[in-house]
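File shown: input_24.txt (compact mmCIF, N, CA and C atoms).
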```txt
# COMPACT_ATOMS: atom_id res chain seq x y z
N MET S 1 188.14 66.43 64.08
CA MET S 1 188.44 67.83 63.82
C MET S 1 188.61 68.57 65.14
N ILE S 2 189.57 69.44 65.19
CA ILE S 2 189.83 70.24 66.39
C ILE S 2 188.84 71.41 66.43
N LYS S 3 188.20 71.58 67.60
CA LYS S 3 187.26 72.68 67.79
C LYS S 3 187.82 73.66 68.81
N VAL S 4 187.74 74.96 68.47
CA VAL S 4 188.15 76.01 69.39
C VAL S 4 187.05 77.06 69.45
N SER S 5 187.06 77.82 70.54
CA SER S 5 186.00 78.80 70.79
C SER S 5 186.61 80.16 71.11
N PHE S 6 185.95 81.20 70.60
CA PHE S 6 186.36 82.58 70.85
C PHE S 6 185.20 83.34 71.48
N ASP S 7 185.49 84.08 72.53
CA ASP S 7 184.57 85.10 73.02
C ASP S 7 184.51 86.18 71.94
N PHE S 8 183.49 87.01 71.95
CA PHE S 8 183.45 88.08 70.95
C PHE S 8 183.93 89.41 71.52
N ASP S 9 183.18 90.00 72.44
CA ASP S 9 183.52 91.34 72.95
C ASP S 9 184.87 91.31 73.67
N GLY S 10 185.78 92.14 73.22
CA GLY S 10 187.10 92.19 73.82
C GLY S 10 188.03 91.09 73.34
N THR S 11 187.55 90.25 72.43
CA THR S 11 188.37 89.14 71.93
C THR S 11 188.27 89.07 70.41
N LEU S 12 187.29 88.35 69.87
CA LEU S 12 187.18 88.23 68.42
C LEU S 12 186.80 89.56 67.76
N ALA S 13 186.37 90.53 68.53
CA ALA S 13 186.11 91.87 67.99
C ALA S 13 187.41 92.56 67.58
N LEU S 14 188.55 92.07 68.09
CA LEU S 14 189.86 92.68 67.80
C LEU S 14 190.40 92.19 66.46
N PRO S 15 190.89 93.10 65.61
CA PRO S 15 191.40 92.71 64.28
C PRO S 15 192.50 91.64 64.34
N GLU S 16 193.41 91.72 65.30
CA GLU S 16 194.49 90.72 65.40
C GLU S 16 193.93 89.33 65.69
N VAL S 17 192.90 89.27 66.50
CA VAL S 17 192.28 87.98 66.83
C VAL S 17 191.51 87.46 65.62
N GLN S 18 190.86 88.35 64.88
CA GLN S 18 190.17 87.95 63.66
C GLN S 18 191.14 87.35 62.65
N GLU S 19 192.31 87.95 62.51
CA GLU S 19 193.32 87.42 61.60
C GLU S 19 193.74 86.02 62.02
N TYR S 20 193.91 85.81 63.31
CA TYR S 20 194.31 84.49 63.80
C TYR S 20 193.20 83.47 63.57
N ALA S 21 191.97 83.87 63.83
CA ALA S 21 190.83 82.97 63.59
C ALA S 21 190.75 82.59 62.12
N ALA S 22 190.97 83.55 61.22
CA ALA S 22 190.96 83.27 59.78
C ALA S 22 192.05 82.26 59.42
N TYR S 23 193.22 82.41 60.01
CA TYR S 23 194.30 81.46 59.79
C TYR S 23 193.89 80.06 60.25
N LEU S 24 193.32 79.96 61.45
CA LEU S 24 192.91 78.65 61.96
C LEU S 24 191.89 77.99 61.03
N ILE S 25 190.94 78.75 60.56
CA ILE S 25 189.93 78.22 59.64
C ILE S 25 190.62 77.72 58.37
N SER S 26 191.62 78.46 57.89
CA SER S 26 192.31 78.08 56.65
C SER S 26 193.08 76.77 56.77
N ILE S 27 193.46 76.38 57.99
CA ILE S 27 194.17 75.11 58.17
C ILE S 27 193.24 73.99 58.66
N GLY S 28 191.94 74.27 58.67
CA GLY S 28 190.96 73.23 58.97
C GLY S 28 190.50 73.13 60.41
N ILE S 29 190.79 74.13 61.22
CA ILE S 29 190.32 74.14 62.61
C ILE S 29 188.86 74.61 62.62
N ASP S 30 188.04 73.99 63.42
CA ASP S 30 186.62 74.32 63.55
C ASP S 30 186.47 75.46 64.57
N VAL S 31 186.18 76.66 64.09
CA VAL S 31 186.13 77.87 64.93
C VAL S 31 184.69 78.24 65.25
N TRP S 32 184.44 78.46 66.55
CA TRP S 32 183.12 78.83 67.06
C TRP S 32 183.21 80.15 67.82
N ILE S 33 182.06 80.81 67.97
CA ILE S 33 181.95 82.01 68.80
C ILE S 33 181.04 81.66 69.98
N THR S 34 181.52 81.93 71.20
CA THR S 34 180.73 81.71 72.41
C THR S 34 180.72 83.03 73.18
N THR S 35 179.58 83.69 73.19
CA THR S 35 179.49 85.02 73.80
C THR S 35 178.49 85.04 74.95
N ALA S 36 178.74 85.90 75.91
CA ALA S 36 177.82 86.07 77.05
C ALA S 36 176.62 86.92 76.66
N ARG S 37 176.62 87.48 75.47
CA ARG S 37 175.46 88.26 75.03
C ARG S 37 174.22 87.38 74.97
N SER S 38 173.07 88.05 75.08
CA SER S 38 171.79 87.33 75.01
C SER S 38 171.29 87.25 73.58
N ARG S 39 170.70 86.13 73.29
CA ARG S 39 170.01 85.96 72.01
C ARG S 39 168.79 86.87 72.03
N ALA S 40 168.44 87.43 70.89
CA ALA S 40 167.26 88.29 70.82
C ALA S 40 165.99 87.48 71.10
N VAL S 41 165.07 88.07 71.83
CA VAL S 41 163.81 87.40 72.14
C VAL S 41 163.05 87.12 70.85
N TYR S 42 163.06 88.09 69.93
CA TYR S 42 162.39 87.93 68.64
C TYR S 42 163.45 87.65 67.58
N LYS S 43 163.34 86.49 66.95
CA LYS S 43 164.36 86.04 66.00
C LYS S 43 164.65 87.07 64.92
N GLU S 44 163.63 87.80 64.48
CA GLU S 44 163.83 88.77 63.40
C GLU S 44 164.70 89.97 63.83
N LEU S 45 164.91 90.15 65.14
CA LEU S 45 165.76 91.23 65.63
C LEU S 45 167.22 90.80 65.86
N GLN S 46 167.47 89.51 65.82
CA GLN S 46 168.78 88.96 66.17
C GLN S 46 169.92 89.61 65.39
N ARG S 47 169.83 89.66 64.08
CA ARG S 47 170.92 90.19 63.26
C ARG S 47 171.16 91.67 63.48
N SER S 48 170.10 92.44 63.68
CA SER S 48 170.30 93.88 63.88
C SER S 48 170.88 94.18 65.27
N LEU S 49 170.46 93.42 66.29
CA LEU S 49 170.97 93.63 67.64
C LEU S 49 172.45 93.25 67.76
N HIS S 50 172.87 92.27 67.00
CA HIS S 50 174.24 91.76 67.10
C HIS S 50 174.94 91.86 65.74
N SER S 51 174.71 92.95 65.04
CA SER S 51 175.26 93.09 63.68
C SER S 51 176.79 92.98 63.66
N ASP S 52 177.46 93.45 64.71
CA ASP S 52 178.92 93.37 64.73
C ASP S 52 179.40 91.92 64.75
N ILE S 53 178.73 91.08 65.52
CA ILE S 53 179.10 89.65 65.55
C ILE S 53 178.85 89.01 64.19
N TYR S 54 177.70 89.30 63.59
CA TYR S 54 177.38 88.68 62.32
C TYR S 54 178.26 89.19 61.19
N GLU S 55 178.69 90.43 61.25
CA GLU S 55 179.62 90.96 60.24
C GLU S 55 180.95 90.22 60.30
N VAL S 56 181.48 90.03 61.51
CA VAL S 56 182.75 89.32 61.68
C VAL S 56 182.59 87.86 61.29
N SER S 57 181.52 87.22 61.71
CA SER S 57 181.33 85.80 61.39
C SER S 57 181.21 85.60 59.88
N LEU S 58 180.53 86.51 59.19
CA LEU S 58 180.41 86.43 57.74
C LEU S 58 181.78 86.61 57.08
N LYS S 59 182.53 87.59 57.54
CA LYS S 59 183.87 87.85 57.00
C LYS S 59 184.78 86.63 57.16
N LEU S 60 184.67 85.95 58.30
CA LEU S 60 185.53 84.81 58.58
C LEU S 60 184.99 83.48 58.04
N GLY S 61 183.71 83.46 57.70
CA GLY S 61 183.10 82.23 57.23
C GLY S 61 182.63 81.31 58.35
N ILE S 62 182.30 81.89 59.50
CA ILE S 62 181.76 81.12 60.62
C ILE S 62 180.24 81.08 60.46
N PRO S 63 179.66 79.90 60.28
CA PRO S 63 178.20 79.83 60.08
C PRO S 63 177.42 80.18 61.36
N ASP S 64 176.19 80.59 61.16
CA ASP S 64 175.33 81.01 62.27
C ASP S 64 175.18 79.93 63.35
N ASP S 65 175.18 78.66 62.95
CA ASP S 65 174.99 77.61 63.95
C ASP S 65 176.24 77.37 64.81
N LYS S 66 177.30 78.13 64.54
CA LYS S 66 178.51 78.06 65.37
C LYS S 66 178.70 79.34 66.18
N ILE S 67 177.60 80.10 66.34
CA ILE S 67 177.58 81.29 67.19
C ILE S 67 176.64 80.99 68.35
N ASN S 68 177.18 81.03 69.56
CA ASN S 68 176.39 80.68 70.75
C ASN S 68 176.23 81.88 71.66
N PHE S 69 174.98 82.25 71.90
CA PHE S 69 174.62 83.35 72.78
C PHE S 69 174.18 82.75 74.11
N MET S 70 174.95 82.97 75.15
CA MET S 70 174.69 82.33 76.43
C MET S 70 173.71 83.10 77.31
N GLY S 71 173.54 84.40 77.11
CA GLY S 71 172.79 85.26 78.00
C GLY S 71 171.42 84.79 78.42
N LEU S 72 170.52 84.54 77.49
CA LEU S 72 169.16 84.14 77.84
C LEU S 72 169.03 82.66 78.17
N ASP S 73 170.07 81.90 77.91
CA ASP S 73 170.02 80.46 78.20
C ASP S 73 170.30 80.17 79.66
N PHE S 74 170.69 81.20 80.43
CA PHE S 74 171.01 81.03 81.85
C PHE S 74 172.03 79.91 82.06
N GLN S 75 172.98 79.86 81.16
CA GLN S 75 174.03 78.86 81.23
C GLN S 75 175.36 79.59 81.07
N SER S 76 176.33 79.25 81.86
CA SER S 76 177.63 79.90 81.72
C SER S 76 178.34 79.34 80.49
N LYS S 77 179.33 80.09 80.04
CA LYS S 77 180.13 79.59 78.92
C LYS S 77 180.75 78.25 79.29
N ALA S 78 181.28 78.14 80.50
CA ALA S 78 181.94 76.90 80.93
C ALA S 78 180.97 75.72 80.90
N GLU S 79 179.74 75.92 81.36
CA GLU S 79 178.76 74.84 81.35
C GLU S 79 178.48 74.37 79.94
N TRP S 80 178.40 75.32 79.01
CA TRP S 80 178.14 74.96 77.62
C TRP S 80 179.37 74.31 76.99
N LEU S 81 180.55 74.88 77.21
CA LEU S 81 181.78 74.36 76.61
C LEU S 81 182.08 72.94 77.04
N LYS S 82 181.78 72.60 78.28
CA LYS S 82 182.16 71.29 78.82
C LYS S 82 181.51 70.13 78.07
N ASP S 83 180.40 70.37 77.44
CA ASP S 83 179.68 69.29 76.74
C ASP S 83 179.93 69.27 75.24
N HIS S 84 180.87 70.09 74.75
CA HIS S 84 181.01 70.22 73.30
C HIS S 84 182.41 69.98 72.76
N GLY S 85 183.34 69.52 73.56
CA GLY S 85 184.62 69.06 73.06
C GLY S 85 185.58 70.09 72.49
N PHE S 86 185.60 71.28 73.07
CA PHE S 86 186.52 72.31 72.60
C PHE S 86 187.90 72.13 73.23
N VAL S 87 188.94 72.35 72.45
CA VAL S 87 190.30 72.26 72.97
C VAL S 87 190.58 73.45 73.86
N TRP S 88 190.30 74.66 73.36
CA TRP S 88 190.50 75.87 74.16
C TRP S 88 189.43 76.90 73.84
N HIS S 89 189.33 77.86 74.76
CA HIS S 89 188.43 79.01 74.60
C HIS S 89 189.24 80.25 74.89
N LEU S 90 189.25 81.20 73.95
CA LEU S 90 189.99 82.46 74.10
C LEU S 90 189.02 83.54 74.57
N ASP S 91 189.37 84.20 75.69
CA ASP S 91 188.45 85.16 76.31
C ASP S 91 189.26 86.21 77.06
N ASP S 92 188.64 87.36 77.31
CA ASP S 92 189.31 88.42 78.07
C ASP S 92 188.81 88.53 79.51
N ASP S 93 187.90 87.65 79.91
CA ASP S 93 187.25 87.75 81.22
C ASP S 93 187.84 86.74 82.21
N PRO S 94 188.54 87.21 83.25
CA PRO S 94 189.13 86.29 84.25
C PRO S 94 188.09 85.40 84.94
N TYR S 95 186.88 85.90 85.13
CA TYR S 95 185.83 85.07 85.73
C TYR S 95 185.54 83.86 84.85
N GLU S 96 185.44 84.09 83.55
CA GLU S 96 185.17 82.98 82.61
C GLU S 96 186.31 81.97 82.67
N HIS S 97 187.56 82.45 82.76
CA HIS S 97 188.70 81.53 82.85
C HIS S 97 188.58 80.63 84.07
N LYS S 98 188.26 81.23 85.21
CA LYS S 98 188.13 80.45 86.45
C LYS S 98 187.02 79.41 86.35
N GLU S 99 185.89 79.80 85.78
CA GLU S 99 184.77 78.88 85.64
C GLU S 99 185.11 77.73 84.69
N ILE S 100 185.81 78.04 83.62
CA ILE S 100 186.20 76.98 82.67
C ILE S 100 187.14 75.99 83.35
N ILE S 101 188.10 76.50 84.10
CA ILE S 101 189.02 75.62 84.84
C ILE S 101 188.24 74.75 85.82
N ARG S 102 187.26 75.34 86.49
CA ARG S 102 186.50 74.63 87.52
C ARG S 102 185.57 73.56 86.94
N LEU S 103 185.00 73.83 85.76
CA LEU S 103 183.91 72.98 85.27
C LEU S 103 184.22 72.07 84.09
N CYS S 104 185.28 72.33 83.36
CA CYS S 104 185.45 71.50 82.16
C CYS S 104 186.90 71.30 81.76
N ALA S 105 187.09 70.46 80.76
CA ALA S 105 188.44 70.14 80.28
C ALA S 105 188.95 71.14 79.24
N THR S 106 188.11 72.02 78.77
CA THR S 106 188.53 73.04 77.81
C THR S 106 189.58 73.93 78.48
N ILE S 107 190.59 74.31 77.72
CA ILE S 107 191.67 75.15 78.25
C ILE S 107 191.31 76.62 78.05
N PRO S 108 191.24 77.41 79.13
CA PRO S 108 190.98 78.84 78.95
C PRO S 108 192.28 79.57 78.65
N ILE S 109 192.23 80.47 77.67
CA ILE S 109 193.40 81.28 77.32
C ILE S 109 192.97 82.74 77.35
N ASN S 110 193.80 83.56 78.00
CA ASN S 110 193.49 84.98 78.18
C ASN S 110 194.05 85.79 77.02
N VAL S 111 193.17 86.43 76.27
CA VAL S 111 193.58 87.23 75.11
C VAL S 111 194.41 88.46 75.53
N ASP S 112 194.32 88.85 76.80
CA ASP S 112 195.09 89.99 77.28
C ASP S 112 196.54 89.62 77.60
N TRP S 113 196.84 88.33 77.58
CA TRP S 113 198.19 87.87 77.83
C TRP S 113 199.03 88.08 76.58
N LEU S 114 200.24 88.54 76.72
CA LEU S 114 201.13 88.84 75.60
C LEU S 114 201.31 87.64 74.66
N TYR S 115 201.34 86.44 75.22
CA TYR S 115 201.62 85.24 74.42
C TYR S 115 200.39 84.38 74.15
N TRP S 116 199.23 85.00 74.06
CA TRP S 116 198.00 84.24 73.84
C TRP S 116 198.06 83.44 72.55
N LYS S 117 198.55 84.05 71.48
CA LYS S 117 198.57 83.37 70.18
C LYS S 117 199.51 82.16 70.21
N ALA S 118 200.67 82.31 70.83
CA ALA S 118 201.61 81.20 70.94
C ALA S 118 201.00 80.05 71.74
N SER S 119 200.27 80.38 72.80
CA SER S 119 199.61 79.34 73.60
C SER S 119 198.56 78.59 72.78
N CYS S 120 197.73 79.33 72.10
CA CYS S 120 196.69 78.71 71.26
C CYS S 120 197.33 77.79 70.23
N SER S 121 198.36 78.29 69.56
CA SER S 121 199.02 77.51 68.51
C SER S 121 199.70 76.27 69.07
N GLU S 122 200.29 76.38 70.25
CA GLU S 122 200.97 75.23 70.84
C GLU S 122 200.00 74.10 71.16
N TYR S 123 198.85 74.43 71.70
CA TYR S 123 197.86 73.38 71.98
C TYR S 123 197.39 72.70 70.69
N ILE S 124 197.24 73.48 69.64
CA ILE S 124 196.84 72.91 68.34
C ILE S 124 197.97 72.05 67.77
N ARG S 125 199.22 72.50 67.90
CA ARG S 125 200.36 71.74 67.42
C ARG S 125 200.47 70.40 68.13
N LEU S 126 200.22 70.42 69.44
CA LEU S 126 200.29 69.18 70.21
C LEU S 126 199.26 68.14 69.75
N LEU S 127 198.21 68.60 69.09
CA LEU S 127 197.18 67.69 68.58
C LEU S 127 197.42 67.31 67.13
N GLY S 128 198.56 67.72 66.59
CA GLY S 128 198.94 67.27 65.25
C GLY S 128 198.69 68.24 64.12
N TYR S 129 198.40 69.48 64.42
CA TYR S 129 198.19 70.46 63.34
C TYR S 129 199.39 71.36 63.22
```
Show this structure as structure tokens.
Amino acid sequence: MIKVSFDFDGTLALPEVQEYAAYLISIGIDVWITTARSRAVYKELQRSLHSDIYEVSLKLGIPDDKINFMGLDFQSKAEWLKDHGFVWHLDDDPYEHKEIIRLCATIPINVDWLYWKASCSEYIRLLGY
């Protein structure tokens, strides 16, 4: 199964990106959220602190175990992505793009680029979807 990752703030928070993620899920792509936000120290506060992420994940059907909060883990997105077999990661942060290029085989795609969706789709097409 093809796995892809989306940043949340400035990326999956956008309605157009949510529509694309829903499409990917509908064709069988494994969609994950990888955010620089910190996980709540107290588990019972997690949903209220990040209610926007959980609302979108519920709407799209992304289970909680496919939401990764990097902040308190002291691990960069690139360090985490490199060990989990993602084809690409969509993000709005140029620093994250550089780190992904430097550390792993995952392809970073900039959501601020006019042709981000075409790029994402082309990489998926090349893998047979």
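Of the residues in chain S, those that DSSP places in strand (DSSP E or B) on the basis of the backbone are Lys3, Val4, Ser5, Phe6, Asp30, Val31, Trp32, Ile33, Thr34, Thr35, Ile67, Asn68, Phe69, Trp88, His89, Leu90, Asp91, Ile107, Pro108, Ile109 and Asn110 of chain S.
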Long-range neighbours of region 91-104 of chain S as a PyMOL selection string, 6 Å cut-off, all atoms listed in the file, 5 positions minimum in chain | chain S and resi 6-7+10-11+78+82+109-112
Could you pull the residues within 6.5 Å of Ile33 (chain S), counting all atoms listed in the file, minus those fewer than 4 positions along the same chain, as a list in words?
->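 Within the cut-off, the hits are Val4, Ser5, Phe6, Asp7, Phe8, Lys66, Ile67, Asn68 and Phe69 of chain S.
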Backbone-only DSSP, helix (DSSP H, G or I) members of region 28-126 of chain S, as a ChimeraX atom specification | /S:43-49,51-60,64-66,71-73,77-81,94-103,116-126
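Our summary of the geometry notes that atom C of Thr106 (chain S) is positioned 19.4 Å from atom C of Asp65 (chain S).
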Using 3 Å of padding on each side, determine the axis-aligned box around all atoms of region 91-108 of chain S present in the file and give its centre and edge lengths in Å to one decimal, as JSON.
```
{"center_x": 188.1, "center_y": 79.3, "center_z": 81.6, "size_x": 14.4, "size_y": 24.4, "size_z": 17.8}
```
Fewer than 5 positions away in the same chain doesn't count, so skip those; otherwise give me all residues within 8 Å of Cys120 (chain S), counting all atoms listed in the file, as JSON, numbers by chain.
-> {"S": [88, 109, 115, 125, 126]}
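The spacing separating CA of Val31 (chain S) from atom C of Ile2 (chain S) amounts to 7.2 Å.
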